[in-house]
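Participant: I have a structure here, written as structure tokens, and I will follow up with some questions on it.
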Amino acid sequence: MDLREKSRQLLENGDVKAVIGYERGTMGARRPAFIRKAERADRLVFDEACAQNLATYLTRPEVRKLGRVAVAARPDTLRAILQLMAERQVKEENVLALAGDGTVELGTAQAIEEHLATCAKELPARDREILDRLSRMDRAQRWAFWQAELSRCVKCYACRNSCPMCYCGHCTMDCNRPQWVPVASHALGNLEYHMVRAMHLAGRCVECGDCGRACPVGIPIHLLTFNCEESVHLQFGQRAGASSKLDYALSTFRPDDKESFIR
Amino acid sequence: MTEPFEPKITAFVCNWCTYAGADLTGTSRIKYQSNVRVLRLPCTGRIDFMLLAKAFARGSDGVIVSGCHPNDCHYTSGNYHARRRWMIYRDLMDFMGIDTRRVTFSWVSAAEGARWAELVNEVTTSVRELGPYTEYKELALTGVE
Amino acid sequence: MSRIGVFTCHCGENIGATVDCAKVAERTRNVPGVVHSVDYKYMCSDPGQSMIKEAIKEHGLTGVVVAACSPRMHEPTFRNAVEEAGLNPYLCEMANLREHCSWVHEKNDATTDKAADLIRVMVEKVKHNTPLHPIRVPVTKRALVLGGGIAGIQAALDIANAGHKVVLVEKSPSIGGHMSQLSETFPTLDCSQCILTPRMVEAARHPNITLMTYAELEKLEGFIGNFKATIRRKARQVDEKLCTGCGLCITKCPNKKIPDEFNEGLGKRSAIYVPFPQAVPNKPVIDKTNCTFYKSGKCKVCEKMCPTGAIRFDQQDELVTLDVGAIVLATGFKVMRTDKFPEYGYGKYADVIDGLQFERLASASGPTLGVMKRPSDGKEPETVVFVACSGSRDRAKGVPYCSKICCMYTAKHAMLYKHKMHHGKAYVFYMDIRSGGKDYDEFVRRAIEEDDVKYIRGRVSRIYEEDGQLIVKGADTLMGGEPVEIKADMVVLATAVQAQDGSEELAQKLHVSYDPYHFFAESHPKLKPVETNTAGIYLAGACQAPRDIPETVAQASGAAAKVAALFSRDELTREPVVAVVNRLPAPTFSYCVGCFLCQSACPYQAIEAEEIRGRDGTLIKTLAKVNAGLCQGCGTCVSTCRTKAIDIQGFSNEQIFAELMTL
């Protein structure tokens with residue numbers, strides 16, 4: 001049994017209305033596939049090259065309307081599904097995650113949580129390398145690094161659109177009364193945009209890195225959200241996407257939270 | 001002749017502790033440097049990180065954020081939420097290379113009039129030594145064009 | 001187009017001597033939107049206020065900035081004035097030129113510049129102000145009093161006498177609390193029961209008071225004027241309506257070997273029992289953990305004996321929901337037990353007792369009928385040592401505070417002992433004698449001078465048993481730390497007053513704050529001593545801090561007065577500085593995405609879910625909604641909201657942004 005056969009069965013039995021998976025794209029890439037008929041299931045592939053976090057589509061109105069859907073899920077996808085459940089964006093009964101090789105059915109939040117406990121998480125070597133480089137820099141150098149990187153940003157919002165947690169109907173970026181962040185992609189607008197994005201994902205980022213992959217100009221912006229998430233983990237001992245019960249680090253507190261900078 | 005640099009300091013304070021503390025500084029006639037401009041909010045919990053970013057974008061050389069000591073929040077826990085937000089935001093600022101020496105977080109109670117004067121003086125003096133926050137100001141200038 | 005009027009006050013010399021007010025007013029005239037800017041000697045005076053009112057009419061002002069003292073001082077004054085001129089009061093803001101400028105800076109151009117800046121900031125804010133209207137909420141005129149000790153009884157009686165309904169909830173089977181356990185009270189040595197019992201009976205018979213004994217608060221929802229309390233009425237296994245309180249069941253109960261809580265373990269009681277003879281209500285309960293029937297399935301002697309058939313072995317706990325407008329917390333205290341003192345034998349010496357146990361020994365209705373007999377062998381103690389500050393003011397015991405009542409009751413204990421045993425010797429070890437209070441110091445002096453109680457200033461380091469006597473080792477610090485050793489027959493530890501067990505959980509249910517020792521926290525230590533930070537919940541007695549009876553009663557009456565004042569109106573009005581979730585036309589409805597991250601950030605549980613449904617009833621969207629009655633306006637939710645869907649009136653994003661952009 002593989003993902004194709006599993007999907008065929010699920011669709012034939014009417015267990016799900018659609019399977020969201022991957023199919024072959026151009027130049028060896030993989031692209032998302034929305035399979036609604038059993039006979040189309042043989043287009044699906046599920047291998048190492050499938051990188052995108054498909055949980056992003058679960059909050060789209062078109063998908064929400066369908067009812068129960070199956071999703072080919074990598075560990076990041078599972079984390080995103082749990083976080084979306086915690087944030088009341090996805091209903092437990094509307095998602096069937098197909099994990100592992102695509103045949104492991106995870107139909108409940110509990111099953112996802114248990115499965116995730118067996119998945120290790122590792123930072124890609126390229127990210128490790130950039131972070132090591134940044135850690136050796138002084139503040140002015142870090143400023144220069146990010147200014148240089150962000151200067152390429154054209155505010156296409158691909159990072160926002162690819163992010164499974166950026167589901168807000170009305171983003172702060174679209175807010176114009178007041179205009180918090182300048183619309184133009186000049187230095188200040190870019191800095192503020194990425195700052196807001198990172199802060200809004202702190203405690204919510206499932207660290208899939210899709211924002212960085214989506215960036216057409218190759219800015220490692222996912223490291224900004226990773227940094228916030230790491231900061232949450234180090235200081236408050238929790239990670240996003242661990243549970244379907246809401247435990248948002250920035251809307252809870254402990255009276256004995258430890259910091260060293262408040263005078 | 002160029003005038004000596006006078007830093008622009010913006011302070012975000014909560015209504016119940018630090019604003020009242022600063023009132024007490026006045027009532028006690030304790031003098032401090034006049035660079036600071038205070039914005040009053042109900043609670044540190046209300047102080048969105050964007051306010052800090054905007055203060056720098058508007059050319060502040062230093063920012064003070066101050067509220068009730070832990071346990072003393074008028075709203076019982078706004079300051080605890082604020083503290084968590086500051087902990088994360090400060091890390092992010094540092095990671096992005098923003099000069100965290102220019103942001104001072106503090107607790108000043110309604111009884112600490114002298115402490116408010118001391119805080120403002122210390123921040124003003126240290127920011128004066130750091131000089132104008134040219135990096136950020138240049139950024140903001142590109143924004144205008 | 002905004003038409004803002006700015007009124008700069010000299011405050012006599014207070015502002016005028018440091019800030020060039022005329023220049024500030026002049027410069028302010030050039031700020032866009034300002035159509036009128038003047039300075040005046042005393043803006044808060046009648047002529048000053050008239051100037052504002054006239055200018056509003058004459059210039060058709062849409063907003064007012066008064067540049068004077070702190071808004072914490074005169075904001076209500078000027079908002080009233082503005083309202084009298086027909087403008088919404090929330091269109092008036094103050095710039096703080098006095099406390100934040102003239103009083104704290106030198107006279108120079110920079111200070112005048114700052115004053116002008118502070119005004120500009122407020123002008124920009126007021127341009128974005130919107131008319132707000134006080135929030136009106138109805139008031140349910142029924143109070144809930146939690147705790148049936150003297151604090152709760154007093155509060156309930158005062159509220160009831162003011163003409164309002166009260167529900168008095170007590171967790172044990174009878175009201176009366178610790179005061180009912182006391183033998184005599186300081187500084188008058190009148191019998192505690194004699195003064196308390198009439199109050200207990202009065203509370204039980206008062207037409208406005210409903211007693212719920214053997215009951216506890218299960219859950220509390222709602223807000224000031226509109227609480228919904230769920231009370232768990234624990235099963236007594238006795239039908240209170242049928243029971244006549246004849247006591248036959250108690251006499252016949254075969255299990256009479258249970259340590260008696262009311263007598264602090266110094267006596268025994270039966271499995272079906274009333275805690276003490278004067279209990280109110282005088283109806284027994286069955287102690288299920290010790291009842292033979294519940295343990296073995298056989299017995300039911302009480303059921304057979306009961307002449308009215310009131311025994312109910314199948315009775316279950318009952319949950320009662322009550323609508324109440326205010327709550328008085330009067331849950332009292334506990335004392336530290338002797339087993340917390342390794343140096344005094346971990347509670348293993350029967351003759352080392354705590355203060356409450358001594359009360360029972362001295363009480364005419366106690367296990368010894370008031371005859372001094374020590375617990376171990378019933379011998380009359382010839383020498384008694386009283387140890388004040390046992391646990392109190394001792395960081396190692398986790399109690400750094402003074403328990404306040406011990407100095408006085410230790411003096412009372414020593415006197416009671418001496419009055420009962422004239423030839424006996426009474427020693428008191430103390431750290432300081434704290435006897436502030438009406439006739440209090442005189443009382444302690446009487447113990448020392450008339451009743452010959454020996455006071456030794458020093459701490460007791462160790463107590464151990466030797467040949468049937470207790471060896472008390474201490475030091476006399478007034479004699480240069482000279483070691484003292486006393487062979488005693490009985491030792492009474494004036495153990496620390498602590499918060500009642502379960503205080504933390506109760507505080508969390510009620511959303512009131514508590515201190516590190518789990519005493520409930522008052523809203524302000526001086527000016528709001530009976531209020532909590534949760535509007536509509538008040539404090540009385542030792543649940544807030546150690547208190548003696550006169551203070552407890554005074555505070556209970558204070559809390560009752562607050563409740564009566566609250567109930568004097570049919571509606572409450574509240575400042576409209578509250579959070580709101582924006583609402584837009586369909587199909588957007590709101591920028592809120594319904595993630596509810598704001599919900600756990602709210603300290604007041606003010607954020608609820610609102611379902612938007614189509615005409616056919618299908619759910620379209622679930623939005624956050626702020627309960628304006630609960631919201632206190634801190635704005636923590638605003639900082640949590642990514643879409644800026646939630647905002648706070650009076651400190652809105654637009655207002656603050658406008659202020660910032662002026663700088």
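In the structure tokens, chains take letters A, B, ... by order of appearance, with residues numbered from 1 within each chain and ligands from 1 in the order shown.
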Tell me, as a VMD selection string, which residues lie within 6 Å of segment 158-169 of chain A, counting only C-alpha atoms; anything in the same chain fewer than 5 positions away does not count.
Facilitator: (chain A and resid 55 to 56 211 214) or (chain C and resid 593)
Participant: Taking only C-alpha atoms into account, report as number ranges by chain which residues of chain A lie within 8 Å of chain B.
Facilitator: A: 139-144, 146, 180, 182, 186-189, 192, 195-196, 199, 202, 224, 227-228, 231-232, 249-255, 257, 259, 261-263
Participant: Return as an MDAnalysis selection string the residues belonging to chain A that are within 7 Å of chain C, counting only C-alpha atoms.
Facilitator: chainID A and resid 87:89 168:172 177:178 200 248 251:252
Participant: Based on the selection just made, write all heavy atoms of those residues as a tab-separated table (two decimals), in the first residue's frame.
Facilitator:
```
chain	number	residue	atom	x	y	z
A	87	GLU	N	-5.63	27.07	17.42
A	87	GLU	CA	-6.09	28.43	17.13
A	87	GLU	C	-7.47	28.44	16.48
A	87	GLU	O	-7.89	29.43	15.89
A	87	GLU	CB	-5.05	29.14	16.25
A	87	GLU	CG	-3.71	29.29	16.96
A	87	GLU	CD	-2.67	30.09	16.18
A	87	GLU	OE1	-3.03	30.71	15.18
A	87	GLU	OE2	-1.51	30.09	16.61
A	88	ARG	N	-8.16	27.34	16.61
A	88	ARG	CA	-9.54	27.19	16.17
A	88	ARG	C	-9.73	27.46	14.66
A	88	ARG	O	-10.77	27.93	14.23
A	88	ARG	CB	-10.46	28.16	16.92
A	88	ARG	CG	-10.46	27.96	18.42
A	88	ARG	CD	-11.72	28.55	18.95
A	88	ARG	NE	-11.65	28.85	20.36
A	88	ARG	CZ	-12.66	29.35	21.06
A	88	ARG	NH1	-13.80	29.62	20.46
A	88	ARG	NH2	-12.55	29.58	22.33
A	89	GLN	N	-8.71	27.18	13.87
A	89	GLN	CA	-8.83	27.42	12.44
A	89	GLN	C	-9.17	26.15	11.67
A	89	GLN	O	-9.69	26.20	10.57
A	89	GLN	CB	-7.52	28.02	11.88
A	89	GLN	CG	-7.15	29.32	12.54
A	89	GLN	CD	-8.25	30.37	12.43
A	89	GLN	OE1	-8.78	30.61	11.36
A	89	GLN	NE2	-8.60	31.00	13.56
A	168	CYS	N	-4.55	35.02	8.64
A	168	CYS	CA	-5.44	36.14	8.97
A	168	CYS	C	-6.07	36.70	7.70
A	168	CYS	O	-5.40	36.89	6.70
A	168	CYS	CB	-4.67	37.26	9.66
A	168	CYS	SG	-3.96	36.76	11.22
A	169	GLY	N	-7.35	36.95	7.76
A	169	GLY	CA	-8.01	37.51	6.60
A	169	GLY	C	-7.54	38.92	6.32
A	169	GLY	O	-7.43	39.35	5.18
A	170	HIS	N	-7.23	39.63	7.39
A	170	HIS	CA	-6.84	41.02	7.26
A	170	HIS	C	-5.53	41.20	8.01
A	170	HIS	O	-5.51	41.31	9.23
A	170	HIS	CB	-7.93	41.92	7.87
A	170	HIS	CG	-7.65	43.37	7.72
A	170	HIS	ND1	-7.09	44.13	8.73
A	170	HIS	CD2	-7.84	44.22	6.68
A	170	HIS	CE1	-6.97	45.37	8.31
A	170	HIS	NE2	-7.41	45.46	7.09
A	171	CYS	N	-4.44	41.18	7.25
A	171	CYS	CA	-3.10	41.22	7.84
A	171	CYS	C	-2.79	42.64	8.33
A	171	CYS	O	-3.32	43.62	7.81
A	171	CYS	CB	-2.10	40.80	6.78
A	171	CYS	SG	-0.39	40.86	7.29
A	172	THR	N	-1.92	42.73	9.34
A	172	THR	CA	-1.48	44.06	9.80
A	172	THR	C	-0.93	44.88	8.63
A	172	THR	O	-1.03	46.09	8.62
A	172	THR	CB	-0.35	43.90	10.84
A	172	THR	OG1	-0.76	42.95	11.80
A	172	THR	CG2	-0.05	45.22	11.53
A	177	ARG	N	-5.53	52.18	8.82
A	177	ARG	CA	-6.00	53.18	9.77
A	177	ARG	C	-5.68	52.69	11.16
A	177	ARG	O	-6.51	52.06	11.77
A	177	ARG	CB	-7.51	53.41	9.61
A	177	ARG	CG	-7.84	54.32	8.46
A	177	ARG	CD	-9.29	54.73	8.50
A	177	ARG	NE	-9.58	55.60	9.64
A	177	ARG	CZ	-10.83	55.91	10.00
A	177	ARG	NH1	-11.86	55.44	9.36
A	177	ARG	NH2	-11.04	56.72	11.02
A	178	PRO	N	-4.53	52.96	11.69
A	178	PRO	CA	-3.42	53.68	11.08
A	178	PRO	C	-2.58	52.78	10.18
A	178	PRO	O	-2.68	51.56	10.26
A	178	PRO	CB	-2.59	54.10	12.29
A	178	PRO	CG	-2.84	53.02	13.30
A	178	PRO	CD	-4.26	52.57	13.07
A	200	HIS	N	4.77	38.21	15.04
A	200	HIS	CA	3.45	37.59	14.98
A	200	HIS	C	3.54	36.07	14.93
A	200	HIS	O	2.57	35.38	15.21
A	200	HIS	CB	2.66	38.13	13.78
A	200	HIS	CG	2.09	39.49	14.04
A	200	HIS	ND1	1.25	40.12	13.17
A	200	HIS	CD2	2.24	40.33	15.09
A	200	HIS	CE1	0.91	41.30	13.67
A	200	HIS	NE2	1.50	41.44	14.83
A	248	TYR	N	-0.41	29.45	23.92
A	248	TYR	CA	0.34	30.48	23.21
A	248	TYR	C	1.25	31.18	24.21
A	248	TYR	O	0.78	31.78	25.17
A	248	TYR	CB	-0.66	31.44	22.56
A	248	TYR	CG	-0.06	32.63	21.86
A	248	TYR	CD1	1.08	32.50	21.06
A	248	TYR	CD2	-0.64	33.89	21.97
A	248	TYR	CE1	1.61	33.60	20.41
A	248	TYR	CE2	-0.12	34.98	21.31
A	248	TYR	CZ	1.01	34.83	20.54
A	248	TYR	OH	1.54	35.92	19.90
A	251	SER	N	0.41	34.73	25.30
A	251	SER	CA	-0.81	35.17	26.00
A	251	SER	C	-0.98	34.36	27.28
A	251	SER	O	-2.06	34.22	27.81
A	251	SER	CB	-2.05	35.09	25.12
A	251	SER	OG	-2.33	33.77	24.75
A	252	THR	N	0.14	33.81	27.74
A	252	THR	CA	0.17	33.22	29.07
A	252	THR	C	1.41	33.77	29.75
A	252	THR	O	2.18	34.51	29.14
A	252	THR	CB	0.27	31.68	29.02
A	252	THR	OG1	1.33	31.34	28.13
A	252	THR	CG2	-1.02	31.04	28.58
```
Participant: So that each row is one residue of chain B with an atom at most 8 Å from chain C, can you give its shortest atom pair and the distance in Å to one decimal, using only C-alpha atoms, rows by chain and rising number, as a tab-separated table?
Facilitator:
```
residue	atom	partner	partner_atom	distance
B:Ala20	CA	C:Arg72	CA	7.7
B:Ala22	CA	C:His100	CA	6.7
B:Asp23	CA	C:Glu99	CA	4.9
B:Leu24	CA	C:Glu99	CA	7.3
B:Thr25	CA	C:Val104	CA	7.1
B:Gly26	CA	C:Glu99	CA	4.0
B:Thr27	CA	C:Glu99	CA	6.2
B:Arg29	CA	C:Trp103	CA	5.3
B:Ile30	CA	C:Val104	CA	5.6
B:Lys31	CA	C:Val104	CA	4.2
B:Tyr32	CA	C:Val104	CA	5.9
B:Gln33	CA	C:His105	CA	6.6
B:Ser34	CA	C:His105	CA	6.1
B:Asn35	CA	C:Lys114	CA	7.8
B:Arg37	CA	C:Leu118	CA	7.2
B:Leu39	CA	C:Glu659	CA	7.7
B:Leu41	CA	C:Phe651	CA	6.7
B:Pro42	CA	C:Cys634	CA	5.5
B:Cys43	CA	C:Cys634	CA	5.4
B:Thr44	CA	C:Thr636	CA	7.7
B:Gly45	CA	C:Thr636	CA	4.2
B:Arg46	CA	C:Gly635	CA	4.5
B:Ile47	CA	C:Ser639	CA	6.5
B:Asp48	CA	C:Ser639	CA	4.7
B:Phe49	CA	C:Ser639	CA	7.7
B:Leu51	CA	C:Phe657	CA	7.7
B:Lys54	CA	C:Leu660	CA	7.3
B:Ala55	CA	C:Leu660	CA	6.5
B:Arg58	CA	C:Met661	CA	6.6
B:His74	CA	C:Asn533	CA	7.4
B:Tyr75	CA	C:Cys634	CA	6.3
B:Thr76	CA	C:Pro603	CA	6.8
B:Ser77	CA	C:Pro603	CA	6.2
B:Gly78	CA	C:Thr636	CA	5.9
B:His81	CA	C:Ala601	CA	7.2
B:Ala82	CA	C:Thr636	CA	7.9
```
Participant: Counting only C-alpha atoms, what is within 10 Å of segment 24-27 of chain C, bar same-chain residues fewer than 2 positions away, as a PDB file with C-alpha atoms, in the first residue's frame?
Facilitator:
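Once written, selection.pdb looks like this:
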```
ATOM      1  CA  VAL C   6      -6.157  74.390  23.624  1.00  0.00           C
ATOM      2  CA  PHE C   7      -6.196  75.922  27.088  1.00  0.00           C
ATOM      3  CA  THR C   8      -2.823  76.394  28.741  1.00  0.00           C
ATOM      4  CA  CYS C   9      -2.860  76.854  32.485  1.00  0.00           C
ATOM      5  CA  VAL C  19       7.228  77.410  31.230  1.00  0.00           C
ATOM      6  CA  ASP C  20       6.572  80.450  29.043  1.00  0.00           C
ATOM      7  CA  CYS C  21       2.840  79.788  28.819  1.00  0.00           C
ATOM      8  CA  ALA C  22       2.065  82.705  26.527  1.00  0.00           C
ATOM      9  CA  ARG C  29      -2.040  78.307  17.454  1.00  0.00           C
ATOM     10  CA  ASN C  30       0.026  77.172  14.460  1.00  0.00           C
ATOM     11  CA  VAL C  31      -0.660  73.466  15.003  1.00  0.00           C
ATOM     12  CA  HIS C  36      -8.334  78.505  19.528  1.00  0.00           C
ATOM     13  CA  SER C  37      -5.391  78.633  21.923  1.00  0.00           C
ATOM     14  CA  VAL C  38      -5.210  80.708  25.085  1.00  0.00           C
ATOM     15  CA  ASP C  39      -3.375  80.737  28.396  1.00  0.00           C
ATOM     16  CA  TYR C  40      -4.812  81.609  31.775  1.00  0.00           C
ATOM     17  CA  ALA C  67      -2.573  71.803  29.275  1.00  0.00           C
ATOM     18  CA  THR C 112       9.070  75.470  27.034  1.00  0.00           C
ATOM     19  CA  ASP C 113       9.742  73.366  23.907  1.00  0.00           C
ATOM     20  CA  LYS C 114       8.802  70.262  25.819  1.00  0.00           C
ATOM     21  CA  ALA C 115       5.575  71.863  27.023  1.00  0.00           C
ATOM     22  CA  ALA C 116       4.665  72.728  23.438  1.00  0.00           C
ATOM     23  CA  ASP C 117       5.506  69.165  22.368  1.00  0.00           C
ATOM     24  CA  ILE C 119       0.438  69.790  23.864  1.00  0.00           C
ATOM     25  CA  ARG C 120       0.981  68.831  20.220  1.00  0.00           C
TER      26      ARG C 120
END
```
Participant: Using DSSP secondary structure from the backbone, list all strand (DSSP E) positions within segment 50-114 of chain B, as a PDB file with C-alpha atoms, in the first residue's frame.
Facilitator:
```pdb
ATOM      1  CA  GLY B  62      16.263  56.045  23.057  1.00  0.00           C
ATOM      2  CA  VAL B  63      13.071  54.437  24.321  1.00  0.00           C
ATOM      3  CA  ILE B  64      11.891  53.773  27.849  1.00  0.00           C
ATOM      4  CA  VAL B  65       9.166  51.253  28.572  1.00  0.00           C
ATOM      5  CA  SER B  66       7.988  51.159  32.129  1.00  0.00           C
ATOM      6  CA  GLY B  67       5.143  49.814  34.195  1.00  0.00           C
ATOM      7  CA  VAL B 103      15.661  50.453  24.807  1.00  0.00           C
ATOM      8  CA  THR B 104      15.307  50.436  28.561  1.00  0.00           C
ATOM      9  CA  PHE B 105      12.655  48.322  30.184  1.00  0.00           C
ATOM     10  CA  SER B 106      11.924  49.039  33.798  1.00  0.00           C
ATOM     11  CA  TRP B 107       9.443  48.789  36.620  1.00  0.00           C
TER      12      TRP B 107
END
```
Participant: Record the distance separating atom CA of Arg74 of chain A and atom CA of Ala242 of chain A, expressed in Å with one decimal.
Facilitator: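 So the answer is 14.3 Å.
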Participant: What is the distance, in Å and to one decimal place, between atom CA of Asp101 of chain A and atom CA of Val63 of chain A?
Facilitator: 23.3 Å
Participant: If I take atom CA of Gln154 of chain C and atom CA of Ser192 of chain C, how far is one from the other in Å, to one decimal?
Facilitator: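 Atom CA of Gln154 of chain C sits 14.8 Å away from atom CA of Ser192 of chain C.
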Participant: Tell me, as a count of residues only, which residues lie within 10 Å of Glu12 of chain A, counting only C-alpha atoms; anything in the same chain fewer than 4 positions away does not count.
Facilitator: 9
